[in-house]
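The structure appears below as structure tokens.
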Amino acid sequence: ATGVLTPSDPALNSTANGLNWTNASITDALLGGVSTKPNVFINVFGFDVQMAYGPGLLLWSSGYDIKDSDGNGNPFDSRRVMGDPLHAEPALVQYGLTAGDVPDLVAYVATNDGYLHAFDSLTGKENFAFVPQEMLPKLQNIFDDTGVNGKAYGLDGNVVSWINDADHDGTISGTGEHVYLYFVMRKGGRYFYSLDVTNRNALELRWVLECGMC
């Protein structure tokens, strides 16, 4: 092992941790040096518009359909595509029961485009997606999608949960109760992550382990 890193700001929903083109904390260096790459051409309702590569990459990464994959001429609607979970089994976490006594489940899924997704099992809606900082330089290869560099690997391992339901009531609400997630990059790299998802609406990055082989 070469070190455990703990974030100075663990809150994943804080402005400084947002994956978006307005976040000044995401520098060109973090993106792997894209400032000299050609502008991105996007089709906006039939008109070709140029955008600098970096903002275009970040808009695409944050879920906008910059490449108009659905062909509707709107690059700013949702990009309804996700990476493959080739070697990654999801983790199902039950937070309690709905009013109709249906299990209130969230599925946490890691994918090879470098995202950890959280889906509401009842509606299929994505609650959030987390991209580790170590994945940022790899996003340009996935965005360009030239095929030259072969298959991309990002978060390529299982998601494992540690659920501490101390009072055994089937809900995560009591004192000292928690839900921690653990997942690795596997073929995507050498980092191992842990998130605190006790409150599904206020997620935190607990730590990042850089290791020789994960």
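Chain labels run A, B, ... following the order of the structure tokens; each chain numbers its residues from 1, and ligands are numbered from 1 in the order shown.
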Residues within 6 Å of region 161-171 of chain A, only C-alpha atoms, excluding chain neighbours under 6 positions, as a compact mmCIF listing (two decimals) with N, CA, C and O atoms, in the first residue's frame:
```
# COMPACT_ATOMS: atom_id res chain seq x y z
N TYR A 95 -33.08 0.85 2.70
CA TYR A 95 -33.12 1.94 3.67
C TYR A 95 -34.36 1.89 4.56
O TYR A 95 -34.48 2.66 5.49
N GLY A 96 -35.27 1.00 4.24
CA GLY A 96 -36.49 0.88 5.02
C GLY A 96 -37.60 0.32 4.15
O GLY A 96 -37.34 -0.44 3.21
N GLU A 177 -26.01 3.83 13.39
CA GLU A 177 -26.23 3.03 12.19
C GLU A 177 -25.59 3.70 10.98
O GLU A 177 -25.53 4.93 10.90
N HIS A 178 -25.13 2.88 10.04
CA HIS A 178 -24.48 3.46 8.87
C HIS A 178 -24.52 2.48 7.70
O HIS A 178 -24.77 1.28 7.86
N VAL A 179 -24.26 3.04 6.51
CA VAL A 179 -24.05 2.25 5.30
C VAL A 179 -22.79 2.77 4.63
O VAL A 179 -22.72 3.94 4.24
N TYR A 180 -21.78 1.92 4.52
CA TYR A 180 -20.53 2.27 3.86
C TYR A 180 -20.39 1.41 2.60
O TYR A 180 -20.72 0.21 2.63
N LEU A 181 -19.94 2.02 1.53
CA LEU A 181 -19.67 1.31 0.29
C LEU A 181 -18.17 1.21 0.06
O LEU A 181 -17.42 2.12 0.41
```
Per DSSP on the backbone, what are the alpha helix (DSSP H) residues of chain A, as an MDAnalysis selection string? chainID A and resid 53:61 139:144
Could the residues in this selection be written to a file with N, CA and C atoms, as a PDB file, in the first residue's frame?
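So the final result, stored in result.pdb, reads:
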```pdb
ATOM      1  N   TYR A  53     -12.937  22.470 -25.970  1.00  0.00           N
ATOM      2  CA  TYR A  53     -12.983  21.045 -25.662  1.00  0.00           C
ATOM      3  C   TYR A  53     -13.274  20.793 -24.177  1.00  0.00           C
ATOM      4  N   GLY A  54     -12.598  21.514 -23.285  1.00  0.00           N
ATOM      5  CA  GLY A  54     -12.756  21.272 -21.849  1.00  0.00           C
ATOM      6  C   GLY A  54     -14.185  21.415 -21.363  1.00  0.00           C
ATOM      7  N   PRO A  55     -14.843  22.562 -21.612  1.00  0.00           N
ATOM      8  CA  PRO A  55     -16.249  22.688 -21.209  1.00  0.00           C
ATOM      9  C   PRO A  55     -17.157  21.664 -21.874  1.00  0.00           C
ATOM     10  N   GLY A  56     -16.868  21.350 -23.158  1.00  0.00           N
ATOM     11  CA  GLY A  56     -17.680  20.335 -23.843  1.00  0.00           C
ATOM     12  C   GLY A  56     -17.552  18.979 -23.181  1.00  0.00           C
ATOM     13  N   LEU A  57     -16.320  18.623 -22.818  1.00  0.00           N
ATOM     14  CA  LEU A  57     -16.070  17.354 -22.126  1.00  0.00           C
ATOM     15  C   LEU A  57     -16.800  17.311 -20.789  1.00  0.00           C
ATOM     16  N   LEU A  58     -16.756  18.399 -20.032  1.00  0.00           N
ATOM     17  CA  LEU A  58     -17.378  18.417 -18.714  1.00  0.00           C
ATOM     18  C   LEU A  58     -18.902  18.424 -18.807  1.00  0.00           C
ATOM     19  N   LEU A  59     -19.455  19.105 -19.812  1.00  0.00           N
ATOM     20  CA  LEU A  59     -20.905  19.051 -20.007  1.00  0.00           C
ATOM     21  C   LEU A  59     -21.340  17.624 -20.330  1.00  0.00           C
ATOM     22  N   TRP A  60     -20.606  16.977 -21.224  1.00  0.00           N
ATOM     23  CA  TRP A  60     -20.903  15.578 -21.572  1.00  0.00           C
ATOM     24  C   TRP A  60     -20.762  14.678 -20.346  1.00  0.00           C
ATOM     25  N   SER A  61     -19.692  14.882 -19.575  1.00  0.00           N
ATOM     26  CA  SER A  61     -19.434  14.042 -18.402  1.00  0.00           C
ATOM     27  C   SER A  61     -20.501  14.213 -17.333  1.00  0.00           C
ATOM     28  N   LEU A 139     -11.498  10.483 -18.979  1.00  0.00           N
ATOM     29  CA  LEU A 139     -12.783  10.805 -19.585  1.00  0.00           C
ATOM     30  C   LEU A 139     -12.643  11.224 -21.042  1.00  0.00           C
ATOM     31  N   GLN A 140     -11.542  11.895 -21.383  1.00  0.00           N
ATOM     32  CA  GLN A 140     -11.387  12.361 -22.765  1.00  0.00           C
ATOM     33  C   GLN A 140     -11.334  11.194 -23.745  1.00  0.00           C
ATOM     34  N   ASN A 141     -10.714  10.077 -23.344  1.00  0.00           N
ATOM     35  CA  ASN A 141     -10.654   8.910 -24.226  1.00  0.00           C
ATOM     36  C   ASN A 141     -12.052   8.337 -24.486  1.00  0.00           C
ATOM     37  N   ILE A 142     -12.882   8.323 -23.444  1.00  0.00           N
ATOM     38  CA  ILE A 142     -14.244   7.804 -23.581  1.00  0.00           C
ATOM     39  C   ILE A 142     -15.099   8.778 -24.392  1.00  0.00           C
ATOM     40  N   PHE A 143     -14.894  10.065 -24.163  1.00  0.00           N
ATOM     41  CA  PHE A 143     -15.634  11.097 -24.895  1.00  0.00           C
ATOM     42  C   PHE A 143     -15.289  11.060 -26.388  1.00  0.00           C
ATOM     43  N   ASP A 144     -13.995  10.964 -26.711  1.00  0.00           N
ATOM     44  CA  ASP A 144     -13.563  10.939 -28.116  1.00  0.00           C
ATOM     45  C   ASP A 144     -14.047   9.670 -28.823  1.00  0.00           C
TER      46      ASP A 144
END
```
Backbone-only DSSP, strand (DSSP E) members of region 5-189 of chain A, as a PyMOL selection string: chain A and resi 5+40-44+47-51+91-97+103-110+116-120+126-130+160-164+178-184
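Proximity to Phe183 (chain A) was assessed for A:Ala91, A:Leu97, A:Leu203, A:Ala107 counting only C-alpha atoms; the smallest distance is recorded for A:Ala91.
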Select from region 88-202 of chain A every residue with an atom at most 9 Å from any atom of region 66-82 of chain A, then for each give the shortest pair of atoms and their distance in Å to one decimal, using only C-alpha atoms, rows by chain and rising number, as a Markdown table.
```
| residue | atom | partner | partner_atom | distance |
| --- | --- | --- | --- | --- |
| A:Thr111 | CA | A:Met82 | CA | 7.6 |
| A:Asn112 | CA | A:Met82 | CA | 8.9 |
| A:Asp113 | CA | A:Met82 | CA | 7.5 |
| A:Tyr115 | CA | A:Met82 | CA | 8.5 |
```
Hey, can you spit out that residue selection with N, CA, C and O atoms as an mmCIF file, in the first residue's frame?
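The result, written out as again_25.cif:
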```
data_model
loop_
_atom_site.group_PDB
_atom_site.id
_atom_site.type_symbol
_atom_site.label_atom_id
_atom_site.label_comp_id
_atom_site.auth_asym_id
_atom_site.auth_seq_id
_atom_site.Cartn_x
_atom_site.Cartn_y
_atom_site.Cartn_z
ATOM 1 N N THR A 111 -19.307 1.387 -13.113
ATOM 2 C CA THR A 111 -19.218 1.151 -14.555
ATOM 3 C C THR A 111 -17.843 1.526 -15.088
ATOM 4 O O THR A 111 -17.088 2.271 -14.460
ATOM 5 N N ASN A 112 -17.554 1.032 -16.280
ATOM 6 C CA ASN A 112 -16.226 1.215 -16.853
ATOM 7 C C ASN A 112 -15.992 2.577 -17.483
ATOM 8 O O ASN A 112 -14.883 2.846 -17.961
ATOM 9 N N ASP A 113 -17.002 3.452 -17.497
ATOM 10 C CA ASP A 113 -16.700 4.825 -17.868
ATOM 11 C C ASP A 113 -16.336 5.652 -16.631
ATOM 12 O O ASP A 113 -16.173 6.873 -16.715
ATOM 13 N N TYR A 115 -17.950 5.789 -13.457
ATOM 14 C CA TYR A 115 -19.015 6.330 -12.618
ATOM 15 C C TYR A 115 -19.491 5.288 -11.608
ATOM 16 O O TYR A 115 -19.593 4.101 -11.936
#
```
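Comparing A:Met185, A:Ile42, A:Val197, A:Val106 by their smallest distance to Leu209 (chain A), the closest is A:Met185 (using only C-alpha atoms).
As for CA of Asp156 (chain A) and CA of Ala110 (chain A), they are spaced 6.8 Å apart.
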Long-range neighbours of Pro10 (chain A) as a ChimeraX atom specification, 7 Å cut-off, only C-alpha atoms, 3 positions minimum in chain: /A:7,204-206
Just the selected residues (all heavy atoms), exported as an mmCIF file, in the first residue's frame, please.
```cif
data_model
loop_
_atom_site.group_PDB
_atom_site.id
_atom_site.type_symbol
_atom_site.label_atom_id
_atom_site.label_comp_id
_atom_site.auth_asym_id
_atom_site.auth_seq_id
_atom_site.Cartn_x
_atom_site.Cartn_y
_atom_site.Cartn_z
ATOM 1 N N PRO A 7 -10.295 13.110 2.127
ATOM 2 C CA PRO A 7 -10.587 14.399 1.488
ATOM 3 C C PRO A 7 -10.755 15.523 2.487
ATOM 4 O O PRO A 7 -11.261 15.321 3.592
ATOM 5 C CB PRO A 7 -11.896 14.115 0.745
ATOM 6 C CG PRO A 7 -12.537 13.027 1.542
ATOM 7 C CD PRO A 7 -11.423 12.175 2.056
ATOM 8 N N GLU A 204 -20.886 11.079 1.272
ATOM 9 C CA GLU A 204 -19.542 11.551 1.599
ATOM 10 C C GLU A 204 -18.494 10.540 1.150
ATOM 11 O O GLU A 204 -18.722 9.322 1.219
ATOM 12 C CB GLU A 204 -19.406 11.795 3.105
ATOM 13 C CG GLU A 204 -20.267 12.937 3.624
ATOM 14 C CD GLU A 204 -19.947 13.284 5.071
ATOM 15 O OE1 GLU A 204 -19.170 12.531 5.711
ATOM 16 O OE2 GLU A 204 -20.460 14.308 5.553
ATOM 17 N N LEU A 205 -17.366 11.064 0.697
ATOM 18 C CA LEU A 205 -16.207 10.238 0.382
ATOM 19 C C LEU A 205 -15.421 10.041 1.670
ATOM 20 O O LEU A 205 -14.928 11.003 2.259
ATOM 21 C CB LEU A 205 -15.343 10.924 -0.675
ATOM 22 C CG LEU A 205 -14.035 10.230 -1.054
ATOM 23 C CD1 LEU A 205 -14.287 8.853 -1.649
ATOM 24 C CD2 LEU A 205 -13.234 11.097 -2.013
ATOM 25 N N ARG A 206 -15.313 8.801 2.137
ATOM 26 C CA ARG A 206 -14.628 8.526 3.397
ATOM 27 C C ARG A 206 -13.117 8.525 3.205
ATOM 28 O O ARG A 206 -12.385 9.160 3.963
ATOM 29 C CB ARG A 206 -15.078 7.169 3.972
ATOM 30 C CG ARG A 206 -16.564 7.115 4.298
ATOM 31 C CD ARG A 206 -16.939 5.746 4.857
ATOM 32 N NE ARG A 206 -16.280 5.470 6.114
ATOM 33 C CZ ARG A 206 -15.669 4.321 6.419
ATOM 34 N NH1 ARG A 206 -15.620 3.334 5.518
ATOM 35 N NH2 ARG A 206 -15.092 4.163 7.577
#
```
Residue neighbourhood Ala118 (chain A), 8 Å, only C-alpha atoms, exclusion window fewer than 3 positions, as a list in words: Val106, Ala107, Tyr108, Val109, Glu126, Asn127, Phe128 and Ala129 of chain A
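Compared by their closest atoms to Gly18 (chain A), and using only C-alpha atoms, the residues A:Tyr191, A:Pro90, A:Asn199, A:Pro132 rank with A:Pro132 nearest.
Comparing the minimum interatomic distances between Asn20 (chain A) and each of A:Gly3, A:Val131, A:Leu105, A:Gly83, counting only C-alpha atoms, we find that A:Val131 sits nearest.
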